[in-house]
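J.: What follows is the file coords.txt, containing compact mmCIF, C-alpha atoms:
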```txt
# COMPACT_ATOMS: atom_id res chain seq x y z
CA MET L 1 0.00 0.00 0.00
CA LEU L 2 1.42 3.29 -1.04
CA VAL L 3 1.19 6.21 1.49
CA ALA L 4 1.01 9.78 0.19
CA PRO L 5 3.56 12.21 1.66
CA ALA L 6 2.24 14.52 4.38
CA VAL L 7 1.17 18.00 3.29
CA ARG L 8 2.85 20.84 5.18
CA ALA L 9 -0.02 23.25 5.63
CA GLN L 10 2.26 25.96 7.00
CA ALA L 11 4.61 25.98 4.04
CA PRO L 12 4.35 29.28 2.15
CA LEU L 13 3.59 29.09 -1.54
CA VAL L 14 5.56 32.25 -2.30
CA THR L 15 8.26 34.24 -0.58
CA VAL L 16 7.19 37.71 0.55
CA PRO L 17 10.00 40.26 0.45
CA THR L 18 10.63 42.32 3.57
CA LEU L 19 10.61 46.08 3.06
CA ALA L 20 13.41 48.12 4.54
CA PRO L 21 12.31 50.48 7.36
CA GLU L 22 12.95 53.54 5.21
CA GLN L 23 10.72 52.10 2.48
CA VAL L 24 7.92 51.51 5.00
CA GLN L 25 8.24 55.06 6.28
CA LYS L 26 8.20 56.48 2.77
CA ARG L 27 5.07 54.49 1.97
CA ALA L 28 3.39 55.73 5.17
CA LEU L 29 4.08 59.36 4.31
CA GLN L 30 2.71 58.79 0.82
CA LEU L 31 -0.45 57.32 2.30
CA ALA L 32 -0.79 60.40 4.52
CA GLU L 33 -0.54 62.64 1.47
CA ASP L 34 -3.13 60.53 -0.33
CA ALA L 35 -5.42 60.83 2.70
CA ILE L 36 -5.16 64.62 2.51
CA ARG L 37 -6.19 64.51 -1.14
CA LEU L 38 -9.23 62.42 -0.23
CA VAL L 39 -10.22 65.02 2.36
CA GLN L 40 -10.09 67.67 -0.32
CA VAL L 41 -12.79 65.83 -2.27
CA SER L 42 -14.86 65.19 0.89
CA ARG L 43 -14.17 61.45 1.12
CA LEU L 44 -13.57 61.61 4.85
CA ASP L 45 -14.19 57.97 5.77
CA GLU L 46 -11.76 56.73 3.13
CA ALA L 47 -9.26 59.38 4.16
CA GLU L 48 -9.52 58.29 7.79
CA SER L 49 -8.88 54.65 6.91
CA MET L 50 -5.88 55.56 4.81
CA ALA L 51 -4.46 57.80 7.53
CA GLN L 52 -4.97 55.03 10.09
CA LEU L 53 -2.88 52.74 7.90
CA ALA L 54 -0.20 55.41 7.60
CA VAL L 55 0.03 55.61 11.40
CA GLN L 56 0.21 51.82 11.67
CA LEU L 57 3.14 51.78 9.27
CA TYR L 58 4.95 54.75 10.82
CA ALA L 59 3.75 55.21 14.39
CA ASN L 60 6.63 57.47 15.42
CA SER L 61 5.90 60.08 12.78
CA ALA L 62 4.42 63.35 14.00
CA GLN L 63 3.32 63.99 10.43
CA THR L 64 1.21 60.85 9.99
CA ARG L 65 -0.39 61.32 13.40
CA THR L 66 -1.15 64.95 12.63
CA VAL L 67 -2.84 64.03 9.36
CA LEU L 68 -4.94 61.40 11.12
CA GLY L 69 -5.77 63.77 13.96
CA GLY L 70 -6.89 66.47 11.56
CA ILE L 71 -9.11 64.08 9.65
CA LEU L 72 -10.64 62.79 12.88
CA LEU L 73 -11.44 66.36 13.88
CA GLN L 74 -13.17 66.96 10.56
CA ASN L 75 -15.02 63.68 11.00
CA ASN L 76 -16.38 64.87 14.37
CA LYS L 77 -14.25 62.56 16.48
CA PRO L 78 -12.44 65.04 18.73
CA GLU L 79 -11.57 62.56 21.49
CA GLU L 80 -9.79 60.26 19.04
CA ALA L 81 -8.19 63.25 17.35
CA LEU L 82 -6.80 64.46 20.67
CA VAL L 83 -4.94 61.16 21.18
CA GLN L 84 -3.21 61.50 17.81
CA LEU L 85 -2.44 65.21 18.06
CA LYS L 86 -1.13 64.89 21.60
CA ARG L 87 1.24 62.16 20.46
CA ALA L 88 2.36 64.28 17.50
CA SER L 89 3.19 67.16 19.84
CA GLU L 90 5.21 64.78 22.03
CA LEU L 91 7.12 63.43 19.05
CA SER L 92 8.00 66.91 17.84
CA PRO L 93 7.68 69.31 20.80
CA ASP L 94 9.68 72.06 19.09
CA THR L 95 7.29 72.35 16.14
CA ALA L 96 4.81 75.14 16.76
CA ARG L 97 2.16 73.81 14.39
CA PHE L 98 1.82 70.58 16.34
CA GLN L 99 1.18 72.58 19.52
CA PHE L 100 -1.39 74.74 17.74
CA ASN L 101 -3.15 71.65 16.39
CA LEU L 102 -3.28 70.21 19.89
CA GLY L 103 -4.80 73.45 21.12
CA LEU L 104 -7.52 73.16 18.48
CA ALA L 105 -8.39 69.65 19.63
CA TYR L 106 -8.63 70.71 23.27
CA SER L 107 -10.79 73.66 22.27
CA ARG L 108 -13.18 71.39 20.35
CA LEU L 109 -13.54 69.39 23.56
CA LYS L 110 -14.19 72.62 25.48
CA ASN L 111 -11.05 72.15 27.56
CA TYR L 112 -10.07 75.77 27.13
CA SER L 113 -7.38 75.75 29.81
CA GLN L 114 -5.41 72.99 28.09
CA ALA L 115 -6.10 74.62 24.73
CA ALA L 116 -4.61 77.91 25.91
CA GLN L 117 -1.55 76.19 27.34
CA ALA L 118 -0.89 74.36 24.06
CA ILE L 119 -1.21 77.57 22.05
CA GLU L 120 1.04 79.40 24.50
CA ARG L 121 3.72 76.73 23.96
CA GLY L 122 3.38 77.12 20.22
CA LEU L 123 3.64 80.89 20.37
CA LYS L 124 6.91 80.65 22.27
CA ILE L 125 8.24 78.90 19.17
CA ASP L 126 6.38 80.99 16.60
CA PRO L 127 5.67 84.37 18.24
CA LYS L 128 4.58 86.10 15.02
CA ASN L 129 1.50 83.96 14.36
CA ALA L 130 -1.45 86.37 14.37
CA ASP L 131 -4.07 83.66 13.87
CA GLU L 132 -2.94 81.79 16.95
CA TYR L 133 -2.97 84.92 19.10
CA PHE L 134 -6.58 85.29 17.96
CA ASN L 135 -7.36 81.68 18.90
CA LEU L 136 -5.62 82.19 22.23
CA GLY L 137 -7.70 85.29 22.88
CA ASN L 138 -10.89 83.34 22.24
CA ASP L 139 -9.84 80.66 24.72
CA TYR L 140 -9.02 83.33 27.30
CA VAL L 141 -12.48 84.86 26.87
CA LEU L 142 -14.05 81.48 27.52
CA LEU L 143 -11.88 81.17 30.62
CA ASP L 144 -13.09 84.62 31.76
CA ARG L 145 -9.56 86.00 31.49
CA GLN L 146 -10.64 89.23 29.83
CA ASP L 147 -7.41 91.20 30.27
CA ASP L 148 -5.35 88.35 28.84
CA ALA L 149 -7.82 88.01 25.97
CA LEU L 150 -7.57 91.71 25.18
CA ALA L 151 -3.77 91.52 25.11
CA ALA L 152 -3.86 88.48 22.80
CA PHE L 153 -6.25 90.16 20.34
CA GLN L 154 -4.15 93.32 20.36
CA LYS L 155 -1.02 91.28 19.61
CA ALA L 156 -2.84 89.68 16.68
CA VAL L 157 -3.67 93.13 15.29
CA ALA L 158 -0.14 94.38 15.88
CA ILE L 159 1.12 91.56 13.68
CA LYS L 160 -1.68 91.76 11.11
CA SER L 161 -3.16 95.25 10.95
CA ASP L 162 -6.18 94.28 8.83
CA PHE L 163 -7.22 91.41 11.11
CA TRP L 164 -10.81 92.62 11.43
CA GLU L 165 -11.96 89.59 13.43
CA ALA L 166 -9.47 90.38 16.19
CA ILE L 167 -10.36 94.07 16.03
CA ASN L 168 -14.02 93.09 16.38
CA ASN L 169 -13.26 91.05 19.49
CA VAL L 170 -11.37 93.93 21.07
CA GLY L 171 -14.63 95.85 20.65
CA LEU L 172 -16.59 93.07 22.37
CA ILE L 173 -14.34 93.27 25.42
CA ARG L 174 -14.32 97.06 25.53
CA TYR L 175 -18.12 97.16 25.46
CA GLU L 176 -18.38 94.85 28.47
CA GLN L 177 -15.89 97.08 30.27
CA GLY L 178 -18.19 100.05 29.69
CA ARG L 179 -15.74 101.72 27.33
CA ILE L 180 -18.40 102.29 24.71
CA ASP L 181 -16.64 104.84 22.53
CA GLU L 182 -13.59 102.60 22.25
CA ALA L 183 -15.80 99.65 21.33
CA LYS L 184 -17.55 101.66 18.63
CA ALA L 185 -14.21 102.80 17.25
CA GLN L 186 -13.02 99.18 17.01
CA TRP L 187 -16.16 98.05 15.21
CA GLN L 188 -16.02 101.01 12.84
CA GLN L 189 -12.43 100.09 12.02
CA ALA L 190 -13.46 96.46 11.38
CA VAL L 191 -16.29 97.55 9.08
CA THR L 192 -13.93 99.86 7.20
CA ILE L 193 -11.61 96.91 6.58
CA ASN L 194 -14.43 94.56 5.55
CA ALA L 195 -17.74 96.14 4.63
CA LYS L 196 -19.31 92.68 4.23
CA ALA L 197 -18.55 91.63 7.81
CA ALA L 198 -21.95 91.33 9.48
CA GLU L 199 -20.81 90.96 13.09
CA PRO L 200 -18.98 94.27 13.69
CA LYS L 201 -21.62 96.11 11.65
CA LEU L 202 -24.40 94.72 13.86
CA ALA L 203 -22.45 95.38 17.05
CA LEU L 204 -21.84 98.96 15.97
CA GLY L 205 -25.51 99.39 15.10
CA ILE L 206 -26.58 98.09 18.50
CA ALA L 207 -24.11 100.36 20.29
CA LEU L 208 -25.35 103.38 18.36
CA PHE L 209 -29.01 102.54 19.02
CA SER L 210 -28.40 101.93 22.72
CA HIS L 211 -26.50 105.17 23.22
CA GLY L 212 -28.67 107.78 21.56
CA GLU L 213 -28.34 107.30 17.77
CA ARG L 214 -31.43 105.14 17.31
CA ASP L 215 -32.18 105.68 13.61
CA LYS L 216 -28.59 105.24 12.52
CA GLY L 217 -28.25 102.21 14.75
CA LEU L 218 -31.35 100.53 13.34
CA ALA L 219 -30.28 101.21 9.76
CA LEU L 220 -26.86 99.70 10.38
CA SER L 221 -28.34 96.72 12.23
CA GLU L 222 -30.76 96.04 9.39
CA GLU L 223 -27.93 96.18 6.89
CA ALA L 224 -25.85 93.74 8.97
CA LEU L 225 -28.68 91.22 9.27
CA GLY L 226 -29.15 91.40 5.51
CA LEU L 227 -25.56 90.20 5.22
CA ASP L 228 -26.04 87.31 7.67
CA LYS L 229 -29.37 86.53 9.29
CA ARG L 230 -27.80 84.13 11.78
CA TYR L 231 -26.79 87.12 13.87
CA SER L 232 -30.47 87.69 14.71
CA LYS L 233 -30.27 84.74 17.16
CA LEU L 234 -29.04 85.56 20.65
CA ASP L 235 -27.65 82.05 21.08
CA TYR L 236 -25.54 82.55 17.97
CA LEU L 237 -24.27 85.87 19.28
CA LYS L 238 -23.35 84.22 22.56
CA GLU L 239 -21.42 81.54 20.67
CA ASN L 240 -19.53 84.39 19.06
CA LEU L 241 -18.40 85.61 22.50
CA TRP L 242 -20.85 88.47 22.90
CA GLY L 243 -20.99 89.44 26.55
CA SER L 244 -24.04 89.99 28.74
CA LYS L 245 -24.23 93.78 28.27
CA LEU L 246 -24.08 93.64 24.50
CA LEU L 247 -26.51 90.70 24.41
CA ALA L 248 -29.02 92.63 26.50
CA ASP L 249 -28.77 95.62 24.18
CA ALA L 250 -28.99 93.33 21.14
CA ALA L 251 -32.23 91.84 22.45
CA LEU L 252 -33.80 95.30 22.55
CA VAL L 253 -32.74 96.08 18.98
CA LEU L 254 -33.88 92.72 17.62
CA GLN L 255 -37.34 93.23 19.15
CA THR L 256 -37.98 96.57 17.45
CA PRO L 257 -40.73 96.59 14.79
CA ARG L 258 -38.30 97.72 12.09
CA ILE L 259 -35.88 94.85 12.68
CA GLN L 260 -38.68 92.32 13.10
CA ALA L 261 -40.13 93.39 9.75
CA ALA L 262 -36.71 93.19 8.13
CA LEU L 263 -36.16 89.68 9.46
CA GLU L 264 -39.49 88.51 8.03
CA ARG L 265 -38.36 89.61 4.57
CA LEU L 266 -34.99 87.85 4.79
CA PRO L 267 -34.57 84.20 3.75
CA GLU L 268 -33.44 81.69 6.32
CA PRO L 269 -29.70 80.97 6.39
CA THR L 270 -28.46 77.91 4.53
CA GLY L 271 -25.51 75.54 4.92
CA ASP L 272 -23.72 77.48 2.21
CA ASP L 273 -23.50 80.59 4.39
CA GLU L 274 -20.17 81.69 5.85
CA THR L 275 -19.31 79.51 8.83
CA ALA L 276 -16.40 81.45 10.33
CA ARG L 277 -17.08 82.74 13.82
CA SER L 278 -15.18 85.07 16.05
CA SER L 279 -15.24 82.39 18.74
CA THR L 280 -13.94 79.55 16.65
CA PRO L 281 -10.19 78.90 16.36
```
Starting from the file, give its structure as structure tokens.

T.:
Amino acid sequence: MLVAPAVRAQAPLVTVPTLAPEQVQKRALQLAEDAIRLVQVSRLDEAESMAQLAVQLYANSAQTRTVLGGILLQNNKPEEALVQLKRASELSPDTARFQFNLGLAYSRLKNYSQAAQAIERGLKIDPKNADEYFNLGNDYVLLDRQDDALAAFQKAVAIKSDFWEAINNVGLIRYEQGRIDEAKAQWQQAVTINAKAAEPKLALGIALFSHGERDKGLALSEEALGLDKRYSKLDYLKENLWGSKLLADAALVLQTPRIQAALERLPEPTGDDETARSSTP
């Protein structure tokens, strides 16, 4: 009786070559770049999977982890994003951008203290970054550190003189401090820089109405709401860091017959409207 030879089930049919570490790293970085391109065409889930693979291949790369963290933030997964961005900042602590990205993640999670600390670390490395001084100022406002917020916004404007968003936020703080003329001057400057900016135009209109120039204030407020109807909602104004004094005055203006009639004529805002907010880093 003939017996067939045993089959070795574990024997590979082909030999798989082993990639050198530098080849693996190069492939991981390429995958990260491909993931970024997928984000640009709104294929977030595919981009996330590709970035996850990039991190698996090259776990000690601040770049791959930053790409993944950014995609996770865009995909509304801030807790997971924080893990990646925190690791990126640890891998490259002397790179300002990684600290700024970490600050953004903390801010999304409403941990404004940690967000401010991360941005502060980044600004020690890159002290001429106007946008990050603006983001830092917003975090300070949310921490009720008004003097620090004012200084941060002023630094942003000192670096970038046409930074109307920061100028606007200086006005918000000045109004709460009772320095009305200074607030109005800031908002007028912001409107001069960008005539299509609804927020400073509305704030200026409200300040004028509430301090004696009612007709001019209503006209300016109506014009501002025509630019962006979202500013007719007090909750939206609060999200944009409007303080209690300005909110109270805004409520009075928004309840006037002229503004109510204007709002009825205006279409409701759509998803295509501008999404930038003074309070958002």

J.: Pick from L:Gln52, L:Gln117, L:Gln189, L:Asn169: nearest to Phe100 (chain L), with all atoms listed in the file counted?

T.: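 Going through L:Gln52, L:Gln117, L:Gln189, L:Asn169 one by one, the smallest distance to Phe100 (chain L) is for L:Gln117.
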
J.: Near Ala62 (chain L), within 7 Å and counting only C-alpha atoms, which residues show up once chain neighbours fewer than 6 positions away are dropped, as an MDAnalysis selection string?

T.: chainID L and resid 88 91:92

J.: List the neighbours of Ala130 (chain L) out to 10 Å using all atoms listed in the file; skip same-chain residues closer than 6 positions along the sequence, and give me the result as a list in words.

T.: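 Final neighbour list, sorted by chain and number: Leu123, Leu136, Ala152, Phe153, Gln154, Lys155, Ala156, Val157, Ala158, Ile159, Lys160, Ser161, Phe163 and Ala166 of chain L.
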
J.: Next, write the just-selected residues to a file, as a compact mmCIF listing (two decimals), in the frame of the given file, keeping C-alpha atoms as the atom set.

T.:
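The file below, out_38.txt, is the result:
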```txt
# COMPACT_ATOMS: atom_id res chain seq x y z
CA LEU L 123 3.64 80.89 20.37
CA LEU L 136 -5.62 82.19 22.23
CA ALA L 152 -3.86 88.48 22.80
CA PHE L 153 -6.25 90.16 20.34
CA GLN L 154 -4.15 93.32 20.36
CA LYS L 155 -1.02 91.28 19.61
CA ALA L 156 -2.84 89.68 16.68
CA VAL L 157 -3.67 93.13 15.29
CA ALA L 158 -0.14 94.38 15.88
CA ILE L 159 1.12 91.56 13.68
CA LYS L 160 -1.68 91.76 11.11
CA SER L 161 -3.16 95.25 10.95
CA PHE L 163 -7.22 91.41 11.11
CA ALA L 166 -9.47 90.38 16.19
```

J.: May I ask for the distance between CA of Glu176 (chain L) and CA of Ala118 (chain L), given in Å to one decimal place?

T.: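 Result for CA of Glu176 (chain L) versus CA of Ala118 (chain L): 27.3 Å, one decimal.
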
J.: Quick one: everything within 12 Å of Ala261 (chain L), counting all atoms listed in the file, minus sequence neighbours fewer than 6 positions away in the same chain. Send it as a PyMOL selection string.

T.: chain L and resi 218+222+225-226+254-255

J.: State, in Å with one decimal place, the distance from CA of Met50 (chain L) to CA of Asn76 (chain L).

T.: 17.0 Å

J.: Find the distance between CA of Lys86 (chain L) and CA of Gly122 (chain L) and write it in Å to one decimal.

T.: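 Interatomic distance, CA of Lys86 (chain L) to CA of Gly122 (chain L): 13.1 Å.
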
J.: Given only C-alpha atoms as the basis, pick out the residue of L:Ile71, L:Leu57, L:Leu172, L:Leu204 nearest to Ser42 (chain L).

T.: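 Selected residue with least distance to Ser42 (chain L): L:Ile71.
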
J.: Which of these, L:Lys26, L:Tyr112, L:Ile206, L:Val41, has the shortest distance to Leu252 (chain L) once you count only C-alpha atoms?

T.: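 Nearest candidate to Leu252 (chain L) out of L:Lys26, L:Tyr112, L:Ile206, L:Val41: L:Ile206.
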
J.: Using all atoms listed in the file, which residues sit within 9 Å of Ala250 (chain L) once same-chain residues fewer than 6 positions away are excluded, as number ranges by chain?

T.: L: 202-203, 206-207, 210, 232, 234

J.: Kindly provide, as JSON, numbers by chain, the polymer residues lying within 9 Å of (0.9, 59.7, 7.2), counting only C-alpha atoms and using the coordinates exactly as they appear in the file.

T.: {"L": [25, 27, 28, 29, 30, 31, 32, 33, 34, 35, 50, 51, 52, 53, 54, 55, 57, 58, 59, 61, 62, 63, 64, 65, 66, 67, 68]}
